[in-house]
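Peer 1: My structure is stored as model_34.cif, with mmCIF, C-alpha atoms and all ligand atoms.
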data_query
loop_
_atom_site.label_atom_id
_atom_site.label_comp_id
_atom_site.auth_asym_id
_atom_site.auth_seq_id
_atom_site.Cartn_x
_atom_site.Cartn_y
_atom_site.Cartn_z
CA MET R 1099 177.76 117.68 -25.30
CA ARG R 1100 174.14 116.76 -25.83
CA ASP R 1101 174.56 113.76 -23.50
CA MET R 1102 175.99 116.01 -20.80
CA MET R 1103 173.05 118.39 -21.21
CA CYS R 1104 170.54 115.51 -20.91
CA ASP R 1105 172.41 114.27 -17.86
CA ARG R 1106 172.25 117.65 -16.10
CA TYR R 1107 168.62 118.02 -17.11
CA GLU R 1108 167.69 114.61 -15.73
CA ASN R 1109 169.59 115.08 -12.48
CA ASN R 1110 167.78 118.35 -11.81
CA TRP R 1111 164.36 117.42 -13.20
CA GLY R 1112 162.74 117.81 -9.78
CA ALA R 1113 163.70 121.51 -9.77
CA ILE R 1114 163.07 122.15 -13.48
CA ARG R 1115 159.62 120.60 -13.97
CA THR R 1116 156.46 122.73 -13.75
CA HIS R 1117 155.11 122.54 -10.20
CA HIS R 1118 153.52 124.97 -7.76
CA ARG R 1119 153.03 125.44 -4.04
CA ARG R 1120 149.78 127.40 -3.88
CA HIS R 1121 147.11 128.43 -1.39
CA ASN R 1122 149.52 128.99 1.46
CA ARG R 1123 148.79 131.72 3.95
CA VAL R 1124 152.00 133.71 3.49
CA GLN R 1125 154.00 132.60 0.46
CA ASP R 1126 153.20 130.78 -2.80
CA VAL R 1127 155.82 129.60 -5.27
CA TYR R 1128 155.09 128.90 -8.93
CA ASN R 1129 157.72 127.09 -10.95
CA PHE R 1130 157.43 126.86 -14.74
CA ARG R 1131 159.66 124.87 -17.09
CA LEU R 1132 160.87 126.96 -20.03
CA ASN R 1133 161.67 125.77 -23.52
CA GLU R 1134 162.99 129.09 -24.73
CA LEU R 1135 163.81 132.51 -23.40
CA ASP R 1136 160.75 134.39 -24.55
CA GLY R 1137 159.63 137.66 -22.95
CA GLU R 1138 156.02 137.18 -24.14
CA ARG R 1139 155.80 133.77 -22.49
CA ILE R 1140 157.19 135.06 -19.18
CA GLY R 1141 154.69 137.93 -19.35
CA SER R 1142 151.78 135.51 -19.77
CA LEU R 1143 153.04 133.36 -16.87
CA LEU R 1144 153.13 136.44 -14.64
CA LEU R 1145 149.59 137.33 -15.65
CA GLY R 1146 148.46 133.77 -14.85
CA VAL R 1147 150.01 134.00 -11.38
CA TYR R 1148 148.28 137.37 -10.86
CA ASN R 1149 144.93 135.83 -11.82
CA ASP R 1150 145.48 133.13 -9.20
CA GLN R 1151 145.66 135.69 -6.36
CA ARG R 1152 142.96 137.21 -4.19
CA VAL R 1153 145.01 139.71 -2.22
CA GLN R 1154 147.81 142.12 -3.00
CA PHE R 1155 151.30 140.66 -2.90
CA LYS R 1156 155.01 141.27 -3.25
CA LEU R 1157 156.58 139.55 -6.21
CA ASN R 1158 160.07 138.32 -6.92
CA MET R 1159 161.47 135.85 -9.41
CA SER R 1160 164.44 133.62 -10.01
CA PHE R 1161 165.59 131.63 -13.04
CA GLY R 1162 167.10 128.16 -13.14
CA PHE R 1163 169.71 127.88 -15.90
CA MET R 1164 172.77 126.05 -17.20
CA LEU R 1165 176.14 127.70 -17.76
CA ARG R 1166 178.88 126.29 -19.96
CA HIS R 1167 182.58 126.80 -19.35
CA ARG R 1168 184.20 128.38 -22.40
CA VAL R 1169 187.40 126.32 -22.14
CA ASN R 1170 186.58 122.83 -20.90
CA GLY R 1171 182.90 122.73 -21.93
CA GLU R 1172 181.73 121.76 -18.42
CA LEU R 1173 178.03 122.35 -17.78
CA ARG R 1174 176.66 123.58 -14.45
CA TYR R 1175 173.04 123.85 -13.36
CA PHE R 1176 172.10 126.81 -11.18
CA HIS R 1177 168.93 126.36 -9.14
CA ALA R 1178 166.30 129.06 -8.97
CA SER R 1179 166.51 130.43 -5.44
CA HIS R 1180 164.90 133.32 -3.65
CA ASN R 1181 167.80 133.59 -1.23
CA ASN R 1182 170.79 133.44 -3.58
CA HIS R 1183 169.60 134.20 -7.11
CA ARG R 1184 166.55 136.42 -6.83
CA LEU R 1185 166.04 138.59 -9.87
CA PHE R 1186 164.98 141.85 -8.23
CA GLU R 1187 166.90 143.39 -5.35
CA ARG R 1188 163.61 144.81 -4.03
CA PRO R 1189 160.37 142.93 -4.70
CA TYR R 1190 157.60 144.53 -6.73
CA VAL R 1191 154.37 145.32 -4.87
CA ILE R 1192 151.45 144.13 -7.01
CA GLY R 1193 148.07 145.69 -6.25
CA THR R 1194 146.49 146.05 -9.67
CA ARG R 1195 146.57 144.38 -13.05
CA GLN R 1196 148.60 147.32 -14.38
CA ASP R 1197 151.33 146.56 -11.81
CA ILE R 1198 151.85 143.05 -13.15
CA ILE R 1199 151.69 144.31 -16.74
CA ASP R 1200 154.52 146.74 -15.89
CA VAL R 1201 156.67 143.87 -14.58
CA ALA R 1202 155.87 141.75 -17.63
CA GLN R 1203 156.86 144.70 -19.85
CA ARG R 1204 160.34 144.61 -18.37
CA PHE R 1205 160.95 141.21 -19.92
CA LYS R 1206 159.89 142.42 -23.34
CA THR R 1207 162.42 145.23 -23.35
CA SER R 1208 165.40 143.80 -21.41
CA ASP R 1209 168.03 141.29 -22.34
CA ILE R 1210 166.74 138.41 -20.24
CA GLY R 1211 169.98 136.45 -20.66
CA GLU R 1212 171.89 139.34 -19.09
CA LEU R 1213 169.35 139.60 -16.25
CA VAL R 1214 169.60 135.90 -15.57
CA THR R 1215 173.36 135.52 -15.48
CA ARG R 1216 174.64 138.80 -14.09
CA GLU R 1217 175.86 137.05 -10.94
CA ARG R 1218 177.90 134.35 -12.65
CA GLU R 1219 181.35 133.74 -11.19
CA ASN R 1220 183.41 135.10 -14.08
CA SER R 1221 183.28 135.58 -17.80
CA ALA R 1222 184.61 132.09 -18.44
CA TRP R 1223 181.06 130.83 -17.99
CA VAL R 1224 178.47 131.56 -20.66
CA LEU R 1225 174.72 131.02 -20.62
CA GLU R 1226 173.81 127.75 -22.33
CA TYR R 1227 170.12 127.25 -21.54
CA VAL R 1228 167.45 128.76 -19.29
CA THR R 1229 165.47 125.82 -17.94
CA ASN R 1230 162.83 127.21 -15.57
CA VAL R 1231 161.55 130.26 -13.75
CA SER R 1232 160.27 130.46 -10.17
CA ILE R 1233 157.81 133.20 -9.26
CA TYR R 1234 157.58 134.03 -5.54
CA VAL R 1235 154.38 135.55 -4.16
CA PHE R 1236 154.37 137.05 -0.65
CA LYS R 1237 150.78 137.80 0.33
CA LEU R 1238 149.85 141.13 1.90
CA GLY R 1239 147.21 139.99 4.35
CA ASP R 1240 143.80 141.58 3.97
CA PHE R 1241 144.40 143.95 1.04
CA PRO R 1242 142.31 142.73 -1.86
CA LEU R 1243 143.59 143.16 -5.38
CA GLY R 1244 142.67 146.63 -6.62
CA ASP R 1245 140.88 146.07 -9.90
CA GLY R 1246 137.90 143.84 -10.35
CA VAL R 1247 137.36 141.70 -13.41
CA ASN R 1248 134.73 143.05 -15.73
CA CYS R 1249 132.24 140.79 -17.44
CA GLU R 1250 134.01 140.87 -20.76
CA GLU R 1251 137.32 140.03 -19.21
CA MET R 1252 136.09 137.33 -16.91
CA PRO R 1253 136.06 134.30 -19.20
CA LYS R 1254 139.49 135.19 -20.51
CA ALA R 1255 140.83 135.75 -17.00
CA LEU R 1256 139.35 132.47 -15.77
CA PHE R 1257 140.76 130.64 -18.76
CA ALA R 1258 144.20 132.17 -18.15
CA ARG R 1259 144.05 131.09 -14.52
CA TYR R 1260 143.17 127.52 -15.43
CA HIS R 1261 145.67 127.47 -18.26
CA SER R 1262 148.54 128.60 -16.08
CA SER R 1263 147.56 126.17 -13.30
CA ILE R 1264 148.01 123.21 -15.64
CA GLY R 1265 151.16 124.69 -17.18
CA GLY R 1266 149.54 124.95 -20.63
CA LYS R 1267 151.59 126.32 -23.48
CA ASP R 1268 149.16 126.90 -26.31
CA GLY R 1269 146.59 129.63 -26.45
CA VAL R 1270 142.82 129.64 -26.39
CA SER R 1271 142.61 128.94 -30.14
CA THR R 1272 143.88 125.36 -29.70
CA PHE R 1273 142.09 124.69 -26.40
CA LYS R 1274 139.87 121.63 -26.85
CA GLY R 1275 137.95 121.90 -23.60
CA VAL R 1276 138.08 119.87 -20.41
CA SER R 1277 137.60 116.11 -20.25
CA PHE R 1278 136.07 114.08 -17.40
CA GLN R 1279 139.55 113.16 -16.20
CA GLU R 1280 140.58 116.82 -16.07
CA LEU R 1281 137.68 117.94 -13.87
CA GLY R 1282 139.87 117.24 -10.83
CA ASP R 1283 142.33 119.89 -12.07
CA VAL R 1284 139.46 122.35 -12.58
CA GLU R 1285 138.25 121.68 -9.04
CA LYS R 1286 141.69 122.37 -7.62
CA CYS R 1287 142.18 125.50 -9.72
CA PHE R 1288 138.85 127.12 -8.80
CA GLN R 1289 138.49 125.60 -5.31
CA CYS R 1290 135.06 124.24 -6.13
CA ASN R 1291 133.50 120.76 -5.99
CA ILE R 1292 132.09 119.62 -9.34
CA TYR R 1293 129.22 117.16 -9.71
CA VAL R 1294 128.16 115.91 -13.13
CA TYR R 1295 124.71 114.55 -13.99
CA GLU R 1296 123.21 113.09 -17.09
CA LEU R 1297 119.53 113.07 -17.97
CA GLU R 1298 118.15 109.76 -19.14
CA PRO R 1299 114.63 108.38 -19.70
CA ASN R 1300 113.07 106.87 -16.62
CA ALA R 1301 112.99 103.16 -17.44
CA SER R 1302 111.21 102.27 -14.22
CA HIS R 1303 108.24 104.21 -12.99
CA ASP R 1304 107.98 101.94 -9.96
CA GLY R 1305 108.36 103.56 -6.62
CA ASN R 1306 111.33 103.44 -4.39
CA GLU R 1307 110.50 102.24 -0.90
CA GLY R 1308 106.84 102.53 -1.66
CA GLN R 1309 107.03 105.96 -3.26
CA THR R 1310 105.92 106.56 -6.81
CA LEU R 1311 108.47 108.45 -8.88
CA SER R 1312 106.67 109.14 -12.08
CA SER R 1313 109.08 111.65 -13.63
CA GLN R 1314 109.78 111.10 -17.33
CA THR R 1315 113.49 111.74 -16.97
CA VAL R 1316 115.98 110.81 -14.31
CA ALA R 1317 119.15 112.69 -13.43
CA LYS R 1318 121.90 110.09 -13.08
CA LEU R 1319 124.95 111.14 -11.11
CA LEU R 1320 127.99 110.51 -13.31
CA ARG R 1321 130.68 112.13 -11.22
CA ARG R 1322 130.77 112.70 -7.52
CA SER R 1323 133.25 115.17 -6.08
CA PRO R 1324 135.49 114.29 -3.12
CA CYS R 1325 133.89 117.34 -1.36
CA ARG R 1326 137.08 119.12 -0.41
CA PHE R 1327 135.87 122.67 -0.97
CA GLN R 1328 133.14 124.89 0.40
CA ASP R 1329 131.52 125.74 -2.94
CA SER R 1330 129.92 123.22 -5.27
CA MET R 1331 128.98 123.39 -8.94
CA TYR R 1332 126.56 121.10 -10.79
CA LEU R 1333 127.00 120.28 -14.47
CA ASN R 1334 124.84 118.51 -17.01
CA TYR R 1335 126.58 116.14 -19.42
CA TYR R 1336 125.19 115.60 -22.89
CA ASP R 1337 126.83 114.34 -26.07
CA GLY R 1338 130.39 115.07 -24.96
CA HIS R 1339 129.57 118.56 -23.58
CA PHE R 1340 129.09 119.99 -20.12
CA SER R 1341 126.52 122.67 -19.37
CA TYR R 1342 125.94 124.58 -16.17
CA ILE R 1343 122.93 123.67 -14.00
CA LYS R 1344 121.69 126.88 -12.49
CA ASN R 1345 118.96 125.41 -10.33
CA MET R 1346 118.80 121.73 -9.40
CA ASN R 1347 115.07 122.04 -8.53
CA PHE R 1348 114.26 122.87 -12.14
CA TYR R 1349 116.79 120.45 -13.60
CA ALA R 1350 115.14 117.19 -12.49
CA HIS R 1351 112.65 115.73 -10.05
CA THR R 1352 114.07 112.24 -9.95
CA PHE R 1353 117.67 111.30 -9.24
CA SER R 1354 119.28 107.91 -9.65
CA CYS R 1355 122.30 106.26 -8.06
CA SER R 1356 124.62 105.16 -10.86
CA ARG R 1357 125.67 102.09 -8.86
CA CYS R 1358 122.45 100.51 -7.59
CA ARG R 1359 119.94 102.40 -9.79
CA ARG R 1360 117.83 103.39 -6.79
CA LEU R 1361 115.69 106.47 -7.41
CA PHE R 1362 115.35 109.53 -5.17
CA LYS R 1363 113.02 112.51 -5.17
CA HIS R 1364 115.69 115.00 -4.17
CA ASN R 1365 119.34 115.45 -4.98
CA ARG R 1366 120.17 115.77 -1.27
CA LEU R 1367 118.69 112.28 -0.65
CA LEU R 1368 120.88 110.90 -3.41
CA GLN R 1369 123.94 112.66 -1.96
CA ARG R 1370 123.16 111.14 1.42
CA HIS R 1371 122.77 107.67 -0.08
CA ILE R 1372 125.96 107.55 -2.13
CA PRO R 1373 128.54 107.11 0.67
CA ARG R 1374 126.34 104.31 2.05
CA CYS R 1375 125.56 102.59 -1.24
CA ASN R 1376 126.67 99.02 -0.68
CA MET R 1377 125.80 97.72 -4.09
CA HIS R 1378 128.56 95.48 -5.31
CA VAL R 1379 130.70 97.38 -7.78
CA LYS R 1380 130.57 95.83 -11.20
CA HIS R 1381 133.57 96.32 -13.45
CA ARG R 1382 132.96 96.57 -17.14
CA PHE R 1383 135.80 95.98 -19.55
CA PRO R 1384 134.69 97.05 -23.02
CA GLY R 1385 137.82 95.58 -24.63
CA GLY R 1386 137.38 92.21 -22.86
CA VAL R 1387 139.61 90.68 -20.19
CA PHE R 1388 142.92 88.86 -20.53
CA GLN R 1389 142.63 85.29 -21.75
CA LEU R 1390 145.27 82.78 -22.68
CA SER R 1391 145.58 82.67 -26.44
CA SER R 1392 144.37 79.37 -27.87
CA SER R 1393 146.98 76.83 -28.95
CA VAL R 1394 146.96 74.80 -32.14
CA PHE R 1395 145.55 71.87 -30.12
CA ASP R 1396 142.62 74.06 -28.94
CA THR R 1397 141.95 74.92 -32.57
CA LEU R 1398 142.05 71.22 -33.51
CA GLU R 1399 139.69 70.33 -30.68
CA ALA R 1400 137.27 72.91 -32.03
CA VAL R 1401 137.04 70.85 -35.25
CA GLY R 1402 136.85 67.54 -33.41
CA ILE R 1403 140.49 66.42 -33.57
CA VAL R 1404 141.78 65.59 -30.09
CA VAL R 1405 145.48 65.09 -29.37
CA HIS R 1406 146.30 63.53 -26.00
CA PRO R 1407 148.24 65.96 -23.72
CA ARG R 1408 151.20 63.54 -23.46
CA ASP R 1409 151.54 63.61 -27.27
CA ARG R 1410 151.63 67.38 -27.50
CA PHE R 1411 155.36 67.69 -26.88
CA TYR R 1412 157.85 67.02 -29.64
CA PRO R 1413 159.88 64.00 -28.48
CA TYR R 1414 162.97 64.10 -30.70
CA ARG R 1415 166.16 66.07 -30.37
CA ILE R 1416 169.69 66.18 -31.74
CA THR R 1417 172.79 66.88 -29.63
CA TYR R 1418 176.21 67.70 -31.01
CA ASP R 1419 179.65 68.58 -29.77
CA ILE R 1420 182.20 70.55 -31.74
CA GLU R 1421 185.89 70.18 -30.88
CA THR R 1422 188.81 72.34 -32.01
CA TYR R 1423 192.57 72.06 -31.66
CA LEU R 1424 195.25 74.74 -31.30
CA ASP R 1425 197.45 74.85 -34.37
CA LYS R 1426 200.71 76.44 -33.19
CA GLU R 1427 202.34 76.25 -36.59
CA ASP R 1428 199.81 78.45 -38.34
CA VAL R 1429 200.42 81.66 -36.39
CA ILE R 1430 199.05 85.05 -37.42
CA PRO R 1431 201.76 87.74 -37.45
CA SER R 1432 201.43 90.20 -34.54
CA LYS R 1433 200.51 93.77 -35.40
CA SER R 1434 202.05 95.36 -32.31
CA ALA R 1435 204.85 94.67 -29.87
CA LYS R 1436 202.42 94.07 -27.01
CA LEU R 1437 200.33 91.51 -28.89
CA ASN R 1438 201.58 87.98 -29.55
CA TYR R 1439 199.61 85.14 -31.16
CA ILE R 1440 200.64 81.61 -30.20
CA GLY R 1441 198.41 79.67 -32.59
CA GLN R 1442 194.93 79.31 -34.16
CA HIS R 1443 191.94 77.28 -33.06
CA LYS R 1444 190.93 75.00 -35.95
CA LEU R 1445 187.99 72.68 -36.41
CA LEU R 1446 188.85 69.13 -35.36
CA SER R 1447 185.62 67.13 -35.16
CA ILE R 1448 181.85 67.27 -34.78
CA SER R 1449 180.07 64.43 -33.00
CA VAL R 1450 176.31 64.07 -33.37
CA CYS R 1451 173.75 61.92 -31.64
CA SER R 1452 169.94 61.88 -31.37
CA ASN R 1453 167.09 59.88 -29.89
CA VAL R 1454 165.46 59.31 -33.27
CA PRO R 1455 165.20 55.55 -33.88
CA GLY R 1456 168.00 54.46 -36.21
CA TYR R 1457 170.09 57.53 -35.35
CA ASP R 1458 170.66 56.93 -31.64
CA ARG R 1459 174.34 55.91 -31.96
CA PRO R 1460 176.95 58.71 -31.87
CA GLN R 1461 178.37 59.69 -35.22
CA CYS R 1462 181.67 61.54 -35.33
CA PHE R 1463 182.85 63.64 -38.30
CA ILE R 1464 186.60 64.19 -38.18
CA SER R 1465 188.36 66.90 -40.14
CA LYS R 1466 190.54 65.91 -43.04
CA GLY R 1467 191.67 69.48 -43.56
CA ASP R 1468 188.56 70.67 -45.46
CA ASP R 1469 186.46 72.53 -42.87
CA PRO R 1470 183.53 73.57 -45.19
CA GLN R 1471 183.14 69.94 -46.31
CA LEU R 1472 183.04 68.79 -42.66
CA VAL R 1473 180.30 71.31 -41.84
CA ASP R 1474 178.35 70.27 -44.96
CA ASN R 1475 178.48 66.62 -43.89
CA PHE R 1476 177.28 67.59 -40.42
CA VAL R 1477 174.30 69.61 -41.73
CA ILE R 1478 173.32 66.92 -44.28
CA TYR R 1479 173.36 64.29 -41.50
CA MET R 1480 171.12 66.47 -39.25
CA THR R 1481 168.68 66.99 -42.14
CA GLU R 1482 168.57 63.23 -42.61
CA ILE R 1483 167.74 62.77 -38.89
CA SER R 1484 165.07 65.47 -39.14
CA GLN R 1485 163.41 63.70 -42.06
CA ALA R 1486 163.51 60.38 -40.21
CA ALA R 1487 161.93 62.06 -37.17
CA PHE R 1488 159.17 63.45 -39.38
CA GLU R 1489 158.49 59.98 -40.78
CA HIS R 1490 158.20 58.57 -37.27
CA MET R 1491 155.89 61.34 -36.16
CA THR R 1492 153.55 61.15 -39.14
CA GLU R 1493 153.52 57.47 -39.99
CA GLY R 1494 152.39 55.43 -37.04
CA GLY R 1495 153.65 57.98 -34.48
CA PRO R 1496 151.58 59.51 -31.68
CA ILE R 1497 150.06 62.28 -33.80
CA SER R 1498 149.65 60.31 -37.02
CA THR R 1499 145.91 59.89 -36.42
CA ALA R 1500 145.49 63.62 -35.91
CA LEU R 1501 147.54 64.37 -39.03
CA GLN R 1502 145.45 61.93 -41.04
CA SER R 1503 142.28 63.74 -39.88
CA ILE R 1504 143.79 67.11 -40.81
CA LYS R 1505 144.78 65.73 -44.19
CA GLU R 1506 141.20 64.75 -44.86
CA LEU R 1507 139.97 68.17 -43.76
CA VAL R 1508 142.38 70.17 -45.89
CA LYS R 1509 142.42 68.00 -48.98
CA ASP R 1510 140.62 70.78 -50.83
CA TYR R 1511 143.57 73.08 -50.16
CA GLY R 1512 146.37 70.97 -51.62
CA PRO R 1513 148.15 67.63 -51.19
CA MET R 1514 149.82 66.64 -47.91
CA ASP R 1515 153.20 66.67 -49.64
CA ASP R 1516 153.00 70.44 -49.82
CA LEU R 1517 152.48 70.65 -46.07
CA ARG R 1518 155.37 68.32 -45.54
CA ARG R 1519 157.68 70.35 -47.73
CA VAL R 1520 156.84 73.46 -45.77
CA ARG R 1521 157.44 71.68 -42.49
CA ILE R 1522 160.86 70.38 -43.51
CA GLY R 1523 161.89 73.58 -45.26
ZN ZN R 1601 123.27 103.20 -4.73
#
Could you take the file, read its structure, and then write that structure out as structure tokens?
Ligand SMILES: [Zn+2]
Peer 2:
Amino acid sequence: MRDMMCDRYENNWGAIRTHHRRHNRVQDVYNFRLNELDGERIGSLLLGVYNDQRVQFKLNMSFGFMLRHRVNGELRYFHASHNNHRLFERPYVIGTRQDIIDVAQRFKTSDIGELVTRERENSAWVLEYVTNVSIYVFKLGDFPLGDGVNCEEMPKALFARYHSSIGGKDGVSTFKGVSFQELGDVEKCFQCNIYVYELEPNASHDGNEGQTLSSQTVAKLLRRSPCRFQDSMYLNYYDGHFSYIKNMNFYAHTFSCSRCRRLFKHNRLLQRHIPRCNMHVKHRFPGGVFQLSSSVFDTLEAVGIVVHPRDRFYPYRITYDIETYLDKEDVIPSKSAKLNYIGQHKLLSISVCSNVPGYDRPQCFISKGDDPQLVDNFVIYMTEISQAAFEHMTEGGPISTALQSIKELVKDYGPMDDLRRVRIG
């Protein structure tokens, strides 16, 4: 059941997820994903949509939800739609804050489940889950919203507008502020370009193009806006906090380009320079860049032990081939009429060969009826080859000189035999 729910949810994620179509001339649509059917939450979403408007509007809503069939358990997703599943037969006209509060009140007092599903096909389908709500806003031309926002209300109203635009769930008490990365969202929400500056000591009092810029502090531009909107706002950044710059003329008398460090007397000169700044962009990677991890041979080279590249690959290997035969006399009894065993595969032989000197002729172990013994013999023989290979490698082999050097280096840490035991084990 849960899998089916996830499946329906995934297939309709495009319709369920929080997304908006705002700032249109005639109609805006706000879609919010819902985790639970909560009248308070729907009321706050409505208030957020109201705060996003400038002119009076007609409002309608529609819910997206899943119904479950009582008998066969089938799940169906119903899209929110203004044409087929609108909530109100006649839209509400919203001109004042009280109008939207009245609509929100309806959700606190009504059975939302009943409102949502009153058009279901028949009683065989029951409401399983309400996934999202779409709020439709039809703008009424030049009629501004009736009530202004008083000074006490304004921060709360602005916060609510921002909060609803990012689909936030928690209240103001858990709001941790806006990060650099989120300034783009703030710009979009309030239709305002945001520039961020930081004041820093003027390291160079030398002039720029012959001018002397003797200001003690320099305003360095940290963030430049893409300039999409008519209004602009300037912020000062200090110690993880933004503060509002009321007047750029009082803020600083010297401005620096964060790319090429050139200094300017006026902010407008800096703004004019930035699109043309051709200083090569330098990337800084505080965590370092990707590097191949060093091999054991690199580590050895660091202590003066060099192993030739051709000796860095282990030269020895063992190959084996295991054969079985089909014993038709030892047949397992069938457990059903449709299943019939004709015999059992049994171990016949294991042949082993290697390129280790002294072990380069094939050796074949043939079963005498004791399979565990045959496997034991096979493993013992491979261990013997492994030990012989180790002898060849370490005594007179290609890396014996390197091993001898290591032995001398690590003699304080224990005898070579210990290393060898570890290697073989
Ligand atoms: Zn520059």
Peer 1: Would you compute the distance between atom CA of Arg1115 of chain R and atom CA of Ile1140 of chain R? Give it in Å to one decimal.
Peer 2: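 Interatomic distance, atom CA of Arg1115 of chain R to atom CA of Ile1140 of chain R: 15.6 Å.
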Peer 1: With the cut-off set at 12 Å and counting only C-alpha atoms and all ligand atoms, tabulate each residue of chain R with an atom at most that distance from an atom of ligand ZN 1601 (chain R), showing the nearest atom pair and its distance in Å to one decimal, ordered by chain and increasing number, as a tab-separated table.
Peer 2:
residue	atom	partner	partner_atom	distance
R:Asn1306	CA	R:ZN1601	ZN	11.9
R:Lys1318	CA	R:ZN1601	ZN	10.9
R:Leu1319	CA	R:ZN1601	ZN	10.3
R:Phe1353	CA	R:ZN1601	ZN	10.8
R:Ser1354	CA	R:ZN1601	ZN	7.9
R:Cys1355	CA	R:ZN1601	ZN	4.6
R:Ser1356	CA	R:ZN1601	ZN	6.6
R:Arg1357	CA	R:ZN1601	ZN	4.9
R:Cys1358	CA	R:ZN1601	ZN	4.0
R:Arg1359	CA	R:ZN1601	ZN	6.1
R:Arg1360	CA	R:ZN1601	ZN	5.8
R:Leu1361	CA	R:ZN1601	ZN	8.7
R:Phe1362	CA	R:ZN1601	ZN	10.1
R:Leu1367	CA	R:ZN1601	ZN	11.0
R:Leu1368	CA	R:ZN1601	ZN	8.2
R:Gln1369	CA	R:ZN1601	ZN	9.9
R:Arg1370	CA	R:ZN1601	ZN	10.0
R:His1371	CA	R:ZN1601	ZN	6.5
R:Ile1372	CA	R:ZN1601	ZN	5.7
R:Pro1373	CA	R:ZN1601	ZN	8.5
R:Arg1374	CA	R:ZN1601	ZN	7.5
R:Cys1375	CA	R:ZN1601	ZN	4.2
R:Asn1376	CA	R:ZN1601	ZN	6.7
R:Met1377	CA	R:ZN1601	ZN	6.1
R:His1378	CA	R:ZN1601	ZN	9.4
R:Val1379	CA	R:ZN1601	ZN	9.9
Peer 1: Neighbourhood query: residues within 12 Å of (143.3, 62.6, -33.8), file coordinates, counting all atoms listed in the file; return as a PyMOL selection string.
Peer 2: chain R and resi 1395+1398-1399+1401-1407+1409-1410+1492+1495-1507
Peer 1: Using only C-alpha atoms, find the one residue out of R:His1261, R:Asn1453, R:Gly1141, R:Asp1105 that sits nearest to Lys1274 of chain R.
Peer 2: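 Under the stated criterion, the closest residue is R:His1261.
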Peer 1: Using all atoms listed in the file, which of the listed residues (R:Thr1207, R:Ser1465, R:Thr1229, R:Asn1149) sits closest to Cys1104 of chain R?
Peer 2: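 When distances to Cys1104 of chain R are compared using all atoms listed in the file, the smallest one comes from R:Thr1229.
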Peer 1: Between R:Tyr1414, R:Phe1476, R:Phe1488, R:Trp1111, which one has atoms that come closest to Ser1452 of chain R, using only C-alpha atoms?
Peer 2: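 Selected residue with least distance to Ser1452 of chain R: R:Tyr1414.
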Peer 1: Pick out the closest residue to Val1228 of chain R from this set: R:Arg1321, R:Lys1344, R:His1351, R:Arg1174. Count all atoms listed in the file.
Peer 2: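 When distances to Val1228 of chain R are compared using all atoms listed in the file, the smallest one comes from R:Arg1174.
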Peer 1: Please determine, counting all atoms listed in the file, which residue among R:Leu1144, R:Ala1317, R:Val1235, R:Val1294 has the shortest atom-to-atom distance to Asn1122 of chain R.
Peer 2: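 With all atoms listed in the file as the atom set, the closest residue is R:Val1235.
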Peer 1: Using only C-alpha atoms for the distances, tell me which of R:Leu1297, R:Ala1255, R:Ala1178, R:Leu1165 is nearest to Thr1352 of chain R.
Peer 2: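 Closest to Thr1352 of chain R, using only C-alpha atoms: R:Leu1297.
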Peer 1: Give me, please, the distance in Å between atom CA of Leu1238 of chain R and atom CA of Tyr1128 of chain R, quoted to one decimal.
Peer 2: 17.2 Å
Peer 1: May I have the residues within 12 Å of Arg1131 of chain R as JSON, numbers by chain, using only C-alpha atoms and disregarding those fewer than 4 positions away in the same chain?
Peer 2: {"R": [1107, 1110, 1111, 1112, 1113, 1114, 1115, 1116, 1117, 1118, 1135, 1139, 1140, 1143, 1161, 1162, 1163, 1178, 1227, 1228, 1229, 1230, 1231, 1232, 1233, 1262, 1264, 1265, 1266, 1267]}
Peer 1: Measure the distance from atom CA of Ile1420 of chain R to atom CA of Leu1472 of chain R in Å and round it to one decimal.
Peer 2: 11.1 Å
Peer 1: Produce a table with one row for each residue of segment 1347-1434 of chain R that has an atom at most 12 Å from any atom of segment 1477-1481 of chain R, each row naming the nearest atom pair and its distance in Å at one decimal; use all atoms listed in the file; arrange rows by chain and rising residue number; format as JSON lines.
Peer 2:
{"residue": "R:Arg1415", "atom": "CA", "partner": "R:Met1480", "partner_atom": "CA", "distance": 10.2}
{"residue": "R:Ile1416", "atom": "CA", "partner": "R:Met1480", "partner_atom": "CA", "distance": 7.7}
{"residue": "R:Thr1417", "atom": "CA", "partner": "R:Met1480", "partner_atom": "CA", "distance": 9.8}
{"residue": "R:Tyr1418", "atom": "CA", "partner": "R:Met1480", "partner_atom": "CA", "distance": 9.8}
Peer 1: I'd like the contact shell of Gly1338 of chain R - 10 Å cut-off, only C-alpha atoms, skipping same-chain residues fewer than 3 positions apart - returned as a list of chain:residue names.
Peer 2: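 Once the adjacent positions are removed, what remains is R:Ser1277, R:Phe1278, R:Tyr1335.
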Peer 1: Please provide as a list in words all residues within 9 Å of Leu1446 of chain R, with the sequence filter that same-chain residues fewer than 5 positions apart are discarded (counting only C-alpha atoms).
Peer 2: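 Once the adjacent positions are removed, what remains is Ile1420, Glu1421, Thr1422, Tyr1423, Phe1463, Ile1464, Ser1465, Lys1466, Gly1467 and Asp1469 of chain R.
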Peer 1: Pick out the residues sitting within 8 Å of segment 1212-1217 of chain R, and hand them over as a PDB file with C-alpha atoms, in the frame of the given file; count only C-alpha atoms, and ignore anything fewer than 3 positions along from it in its own chain.
Peer 2:
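Dumped everything to result_23.pdb:
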ATOM      1  CA  SER R1160     164.440 133.620 -10.010  1.00  0.00           C
ATOM      2  CA  PHE R1161     165.590 131.630 -13.040  1.00  0.00           C
ATOM      3  CA  HIS R1183     169.600 134.200  -7.110  1.00  0.00           C
ATOM      4  CA  LEU R1185     166.040 138.590  -9.870  1.00  0.00           C
ATOM      5  CA  SER R1208     165.400 143.800 -21.410  1.00  0.00           C
ATOM      6  CA  ASP R1209     168.030 141.290 -22.340  1.00  0.00           C
ATOM      7  CA  LEU R1225     174.720 131.020 -20.620  1.00  0.00           C
TER       8      LEU R1225
END
